[in-house]
Amino acid sequence: MTEATVKTYAPPDRVRLACLLQDYGVYAAVALLVLFNVAFTDNFLQAATLRTQLVQVAPVVIAALGMAMVIGSEGVDLSVGSVMALSAAVLPLYIGYGFWPAAVLALVVGGLVGVVNGTLVSVVGLQPIVATLALLVGGRGLALVFADGQLKGIKDTTLLELGTGELLGVPYTVLIAGCLAVVIGFVVQRTTYGRQLVAVGGNRAASHLAGLPVKRVLIGTYVLCGVLAALAGVLATARLGASDPSAIGNLMELSAITAVVVGGTPLTGGSIRVLGTVAGALLMQLVRATLINHDLPDSAAQMIQAAIILVAVYIARERRTR
Amino acid sequence: MNQPVLDVRGVSRRFPGVLALDDVSLTVAPGEVHALVGENGAGKSTLIKILTGVYRPDAGEVHYRGEPVAFGRPLDAQAAGISTIYQEVNLVPLMSVARNLFLGREPRTRLGLIDVARMNREAAEQLARYGIEVDVRLPLRSLGLGAQQMVALARAVAVDARVVIMDEPTSSLEPREVDTLFRVVRELSGRGIAIVYVSHRLDELYQLCDRVTVLRDGRRVHTGELAQLDRLSLISLMLGRDAAEVRRDGLTGFSAHDAGDVEPILRVRDLSRAHQLHGISFDVRPGEVTGLGGLLGSGRSETAKAVVGALGADGEVTMAGRRLTRRSPAAAIRAGMAMLPEDRKAEGIVPGLSVRENIVLAAMPTLSRFGVVSRARQDRIVDTFMKRLRIKAASPEQKVSELSGGNQQKVLLARWLCLHPRLLLLDEPTRGIDVGAKAEVQALIDELAADGLAVVLISSDLEELVEGADRIVVLRAGAVVGELAGDDVTEDNIMTALAQEPAHD
């Protein structure tokens, strides 16, 4: 068939509005919620309240950063929650050697899961949703085996300090999440790997023909996602003061995907919005906190979250229909 | 001729920007095997989709068994007795052969359950009639493609089809399977079933078909007895070239190059791939445009892809004296090759990225330091090539998907040229782009060859090929059937080479 030539054109208002909403909607929503809370929620601006919110959202942000990269590669990683559990289970096993060896090992485990995911997706050619589903199920099982199915208290002072300490009034976990967002933002925008990742997600066949190392890029992305999820697991364990592989990171994959989608990253790949992802995680956290502060039950919060996700997906869809 | 079973009268169908079918008529009598031929974009697939109810015609009527019909969806056409066999079998691969054969009309027991025993027995009987002896309880996908095709055919016939449309049914079959398929087609025709047979393989058409309808650019250009039409005339009808009076003065901006006895930079020897390429060998010299000619499906694109390692194939590829061992697009690029793929949308542009990033995509590693991209270096290159190729974009940061086809093509050319390749393979570089951009691209090809680049040009546009290429390697059915150079490069000679009877079969 003859291809119709695509001409430069001015998009209709509706589409332009959808573009604007997808690009900036999440920031506007966060701003609105903050304003609402400043006006109507008691003690919202107090340091303790803000800190609780940020500390709670930090692991989600970290896991969502990895998820954003995987989704940008036209994939999805369902195993992040299980990786958090695995990393939490590994920590107490090696904490006897000190904090650093144990933490590094936990991250290595996360990276290994990423190698498996990435290989299944890029070399074997499985669909990402299926490939990572295997480790969503198996990973948590393995974590429970490592931990003997038990909750273990943490006595290592460095690890506990990581969970509760702060620098210049900012909790370590929040600081780490913030720094990682900046680093990932730089990686995506300015490094060869980051740009190749976006290209692979946008058109894999074209990237292959252009000589890009498609397999290496994909495996690297899943590894990065796994390491970030493992780090989120370490931080969550540190905050809890205990390793609880049966609970840590439960449904984290869904929170991470939500943050990414609400942040305006399309599920079709080829675009990664790092700042949007952070804002997406903040938005979901704020919605929950706001509703709970105003004595609405958790069930109501869940329904409102669902509504936000639907709106985000609808806007993304509207934008594609040209 | 008796009453036609299928009678298409003056059908037109318009798509945004294209008139895909323009007043096309087609009549098929019961028991007739009717060939439907044409190059890409001729309107074959649109016509088939109208016959099977996927599209509705904007004008004209389809009469079936003497009554005007308008199928709302493919299922209606099938129920009425028009079945279609596509090149990819569209059955359910995981279900058993018998179940596929009886899908939607399974024999029932008195309790309303599926009578599996009877279904299997009848399936085996039906298939045996077509010479297929398989265990019908096995999943369909465990069969060879040919056998799967036969199951599809048996199913089509079993649902009481009066017309069977076959779209490139043999493209993935072994020769032996083709024989079986032909036998079945003849048997069906003997039973009074009309067959519309679409294929690019001329040998098959002449073996099988009674009459032929040739479409070109959405119009019917010929209908008649196939036996009265020799190959050369058929090809000239398909390509729209008068075999007798080939135009001498071209409209394109190409000029001749004389590569003389320069050592070839690319040597391809015995390139082979099952069903697609059969021992292709040719040389490409620097400073020369080597054309790959042939009809659709002759293996031109596959040859280019196999050379750059994007398609697995046996055989030797030697670039600048070094034999390429582990073949991959990345290795080919390192060796100095670049290939512009045929399908710009699927294999070329990355739609979400900017013009700048699309241009530097392949060159990125060389434009960065310690893995961090250097915007300054990128901007210099992008600026140079946007000026040189006159790429019209609001800015380098505009999304490439917002550009016109011609400008997208120039972006892709820039992507390859900024690697400074020594060999450039261009697969349909001017397809689907406007006239102005087309002339610019042709002039650029000329200029590049004059600068000493080796160029391989693939084009369905005979005029472009003849004007652009200094030498033409003619392919048919995945094999080289001729090579033309110098004054022999004429449309006439290409068509003659294409029309040759196969030496042996």
# chains A, B, ... in the order shown; residues from 1 in each chain; ligands from 1

$ residues_around --residues "segment 273-283 of chain B" --least-positions-apart "5" --cutoff "12 Å" --atoms "only C-alpha atoms" --output "JSON, numbers by chain"
{"B": [170, 171, 172, 173, 174, 175, 178, 261, 262, 263, 264, 265, 266, 267, 268, 288, 289, 290, 291, 292, 297, 298, 299, 300, 301, 302, 303, 304, 305, 306, 307, 311, 312, 313, 314, 315, 316, 317, 318, 319, 320, 321, 423, 454, 455, 456, 471, 472, 473, 474, 475, 476, 477, 478, 479, 480, 481, 482, 483, 484]}

$ select_by_dssp --residues "segment 29-142 of chain B" --states "helix (DSSP H, G or I)" --output "number ranges by chain"
B: 44-51, 74-80, 97-102, 116-129, 140-142

$ select_by_dssp --residues "segment 47-282 of chain B" --states "strand (DSSP E)" --output "CSV table (one decimal) with C-alpha atoms, in the first residue's frame"
chain,number,residue,atom,x,y,z
B,59,ALA,CA,-18.6,2.9,-5.5
B,60,GLY,CA,-19.5,-0.2,-7.6
B,61,GLU,CA,-21.1,-3.5,-6.7
B,62,VAL,CA,-20.1,-7.0,-5.9
B,63,HIS,CA,-22.4,-9.7,-7.2
B,64,TYR,CA,-22.1,-13.2,-5.8
B,67,GLU,CA,-27.1,-11.4,-6.4
B,68,PRO,CA,-25.6,-8.1,-5.3
B,69,VAL,CA,-24.0,-8.6,-1.9
B,82,ILE,CA,-16.2,-17.0,0.1
B,83,SER,CA,-13.1,-18.3,2.0
B,84,THR,CA,-9.7,-16.9,2.1
B,85,ILE,CA,-6.4,-18.6,2.6
B,163,VAL,CA,-15.0,-19.1,-4.0
B,164,VAL,CA,-11.6,-19.6,-2.4
B,165,ILE,CA,-9.2,-16.7,-2.4
B,166,MET,CA,-5.6,-17.7,-2.0
B,167,ASP,CA,-3.2,-14.9,-1.1
B,194,ALA,CA,-13.8,-20.8,-8.2
B,195,ILE,CA,-10.3,-19.8,-7.1
B,196,VAL,CA,-8.8,-16.4,-7.1
B,197,TYR,CA,-5.0,-17.0,-6.9
B,198,VAL,CA,-2.7,-14.2,-5.9
B,211,ARG,CA,-7.3,-16.3,-16.7
B,212,VAL,CA,-5.5,-13.4,-15.3
B,213,THR,CA,-6.4,-9.9,-14.1
B,214,VAL,CA,-3.6,-7.4,-13.8
B,215,LEU,CA,-3.9,-4.4,-11.5
B,216,ARG,CA,-1.7,-1.4,-11.5
B,219,ARG,CA,-6.8,0.2,-11.9
B,220,ARG,CA,-7.4,-2.9,-13.9
B,221,VAL,CA,-5.1,-2.8,-16.8
B,222,HIS,CA,-5.8,-6.2,-18.3
B,223,THR,CA,-8.0,-9.3,-18.1
B,224,GLY,CA,-7.7,-12.3,-20.4
B,225,GLU,CA,-6.6,-15.8,-21.0
B,266,LEU,CA,31.9,-6.0,-1.5
B,267,ARG,CA,31.9,-9.6,-2.6
B,268,VAL,CA,28.8,-11.7,-1.9
B,269,ARG,CA,29.1,-15.4,-2.6
B,270,ASP,CA,26.5,-18.0,-2.5
B,271,LEU,CA,24.1,-16.3,-0.1
B,272,SER,CA,21.4,-18.8,0.8
B,273,ARG,CA,18.4,-18.9,3.1
B,277,LEU,CA,17.6,-16.9,-1.2
B,278,HIS,CA,19.3,-19.5,-3.4
B,279,GLY,CA,23.0,-19.0,-3.9
B,280,ILE,CA,23.2,-15.3,-4.6
B,281,SER,CA,26.5,-13.9,-5.7
B,282,PHE,CA,27.5,-10.5,-6.9

$ interface_residues --of "chain B" --to "chain A" --cutoff "6 Å" --atoms "only C-alpha atoms" --output "MDAnalysis selection string"
chainID B and resid 41 329:330 347:348 350 362 371:373 402:405 432

$ residues_around --residues "segment 35-37 of chain A" --least-positions-apart "6" --cutoff "10 Å" --atoms "only C-alpha atoms" --output "PyMOL selection string"
chain A and resi 29+43-45+286+289-290+293-294

$ write_last_selection --atoms "C-alpha atoms" --output "compact mmCIF listing (two decimals), in the first residue's frame"
# COMPACT_ATOMS: atom_id res chain seq x y z
CA ALA A 29 -2.25 17.60 40.77
CA ASN A 43 -0.29 20.46 61.13
CA PHE A 44 0.37 19.59 57.45
CA LEU A 45 3.30 21.97 57.14
CA LEU A 286 -0.46 12.48 49.19
CA ALA A 289 -2.44 10.71 53.42
CA THR A 290 -5.00 13.41 52.69
CA ASN A 293 -6.15 12.71 57.59
CA HIS A 294 -9.74 13.60 56.81

$ residues_around --residues "Gly226 of chain A" --least-positions-apart "6" --cutoff "7 Å" --atoms "only C-alpha atoms" --output "JSON, numbers by chain"
{"A": [80, 83, 110, 111, 113, 114]}

$ residues_around --residues "Gly241 of chain A" --least-positions-apart "3" --cutoff "7 Å" --atoms "only C-alpha atoms" --output "list in words"
Gly153, Ile154, Leu160, Thr237 and Ala238 of chain A

$ residues_around --residues "Val26 of chain A" --least-positions-apart "4" --cutoff "9 Å" --atoms "only C-alpha atoms" --output "mmCIF file with N, CA and C atoms, in the first residue's frame"
data_model
loop_
_atom_site.group_PDB
_atom_site.id
_atom_site.type_symbol
_atom_site.label_atom_id
_atom_site.label_comp_id
_atom_site.auth_asym_id
_atom_site.auth_seq_id
_atom_site.Cartn_x
_atom_site.Cartn_y
_atom_site.Cartn_z
ATOM 1 N N LEU A 21 -1.841 17.874 29.546
ATOM 2 C CA LEU A 21 -2.210 17.147 30.759
ATOM 3 C C LEU A 21 -1.231 16.018 31.026
ATOM 4 N N GLN A 22 -0.844 15.314 29.948
ATOM 5 C CA GLN A 22 0.070 14.197 30.167
ATOM 6 C C GLN A 22 1.443 14.712 30.598
ATOM 7 N N VAL A 30 -0.226 17.405 42.100
ATOM 8 C CA VAL A 30 0.533 17.434 43.357
ATOM 9 C C VAL A 30 0.409 18.819 43.999
ATOM 10 N N ALA A 31 0.570 19.860 43.183
ATOM 11 C CA ALA A 31 0.491 21.228 43.707
ATOM 12 C C ALA A 31 -0.882 21.482 44.330
ATOM 13 N N VAL A 262 1.066 7.265 36.189
ATOM 14 C CA VAL A 262 0.487 8.544 36.594
ATOM 15 C C VAL A 262 1.467 9.669 36.275
ATOM 16 N N GLY A 263 2.749 9.363 36.320
ATOM 17 C CA GLY A 263 3.772 10.366 36.010
ATOM 18 C C GLY A 263 3.892 10.683 34.540
ATOM 19 N N GLY A 264 3.117 10.010 33.685
ATOM 20 C CA GLY A 264 3.068 10.380 32.279
ATOM 21 C C GLY A 264 3.976 9.581 31.369
ATOM 22 N N GLY A 276 8.514 13.062 36.413
ATOM 23 C CA GLY A 276 7.098 12.717 36.452
ATOM 24 C C GLY A 276 6.862 11.509 37.337
ATOM 25 N N ALA A 279 6.998 12.549 40.874
ATOM 26 C CA ALA A 279 5.765 13.266 41.196
ATOM 27 C C ALA A 279 4.591 12.297 41.284
ATOM 28 N N GLY A 280 4.597 11.278 40.424
ATOM 29 C CA GLY A 280 3.525 10.289 40.445
ATOM 30 C C GLY A 280 3.493 9.562 41.782
ATOM 31 N N LEU A 283 2.225 11.927 44.394
ATOM 32 C CA LEU A 283 0.790 12.160 44.264
ATOM 33 C C LEU A 283 0.003 11.051 44.943
ATOM 34 N N ALA A 312 -5.206 8.888 34.238
ATOM 35 C CA ALA A 312 -3.870 8.960 33.626
ATOM 36 C C ALA A 312 -3.809 8.132 32.355
#

$ residues_around --residues "segment 426-431 of chain B" --least-positions-apart "5" --cutoff "9 Å" --atoms "only C-alpha atoms" --output "PyMOL selection string"
(chain A and resi 2-3) or (chain B and resi 300-301+304+338-343+406+409+413+437-439+441-442+455-461)

$ write_last_selection --atoms "C-alpha atoms" --output "mmCIF file, in the first residue's frame"
data_model
loop_
_atom_site.group_PDB
_atom_site.id
_atom_site.type_symbol
_atom_site.label_atom_id
_atom_site.label_comp_id
_atom_site.auth_asym_id
_atom_site.auth_seq_id
_atom_site.Cartn_x
_atom_site.Cartn_y
_atom_site.Cartn_z
ATOM 1 C CA THR A 2 1.129 3.509 -0.607
ATOM 2 C CA GLU A 3 2.139 5.134 2.621
ATOM 3 C CA ARG B 300 15.902 -8.128 -3.219
ATOM 4 C CA SER B 301 15.231 -6.882 0.310
ATOM 5 C CA ALA B 304 20.263 -6.599 1.361
ATOM 6 C CA ALA B 338 25.017 0.995 6.057
ATOM 7 C CA MET B 339 21.550 -0.121 5.003
ATOM 8 C CA LEU B 340 18.480 2.021 4.565
ATOM 9 C CA PRO B 341 15.609 -0.384 5.232
ATOM 10 C CA GLU B 342 12.545 -0.600 3.027
ATOM 11 C CA ASP B 343 9.953 -0.085 5.744
ATOM 12 C CA GLY B 406 10.427 12.594 2.312
ATOM 13 C CA GLN B 409 13.711 9.456 4.620
ATOM 14 C CA LEU B 413 19.917 8.861 5.085
ATOM 15 C CA ALA B 437 12.201 14.914 -2.252
ATOM 16 C CA LYS B 438 12.458 12.031 -4.686
ATOM 17 C CA ALA B 439 14.558 14.031 -7.138
ATOM 18 C CA VAL B 441 17.339 11.764 -2.985
ATOM 19 C CA GLN B 442 18.180 10.543 -6.490
ATOM 20 C CA VAL B 455 25.943 2.060 -3.565
ATOM 21 C CA VAL B 456 23.473 -0.801 -3.856
ATOM 22 C CA LEU B 457 20.099 0.426 -5.060
ATOM 23 C CA ILE B 458 16.884 -1.548 -4.762
ATOM 24 C CA SER B 459 13.847 -0.102 -6.466
ATOM 25 C CA SER B 460 10.541 -1.339 -7.826
ATOM 26 C CA ASP B 461 10.516 1.696 -10.070
#

$ atom_distance --atom1 "atom CA of Leu135 of chain A" --atom2 "atom CA of Ile95 of chain A"
24.6 Å
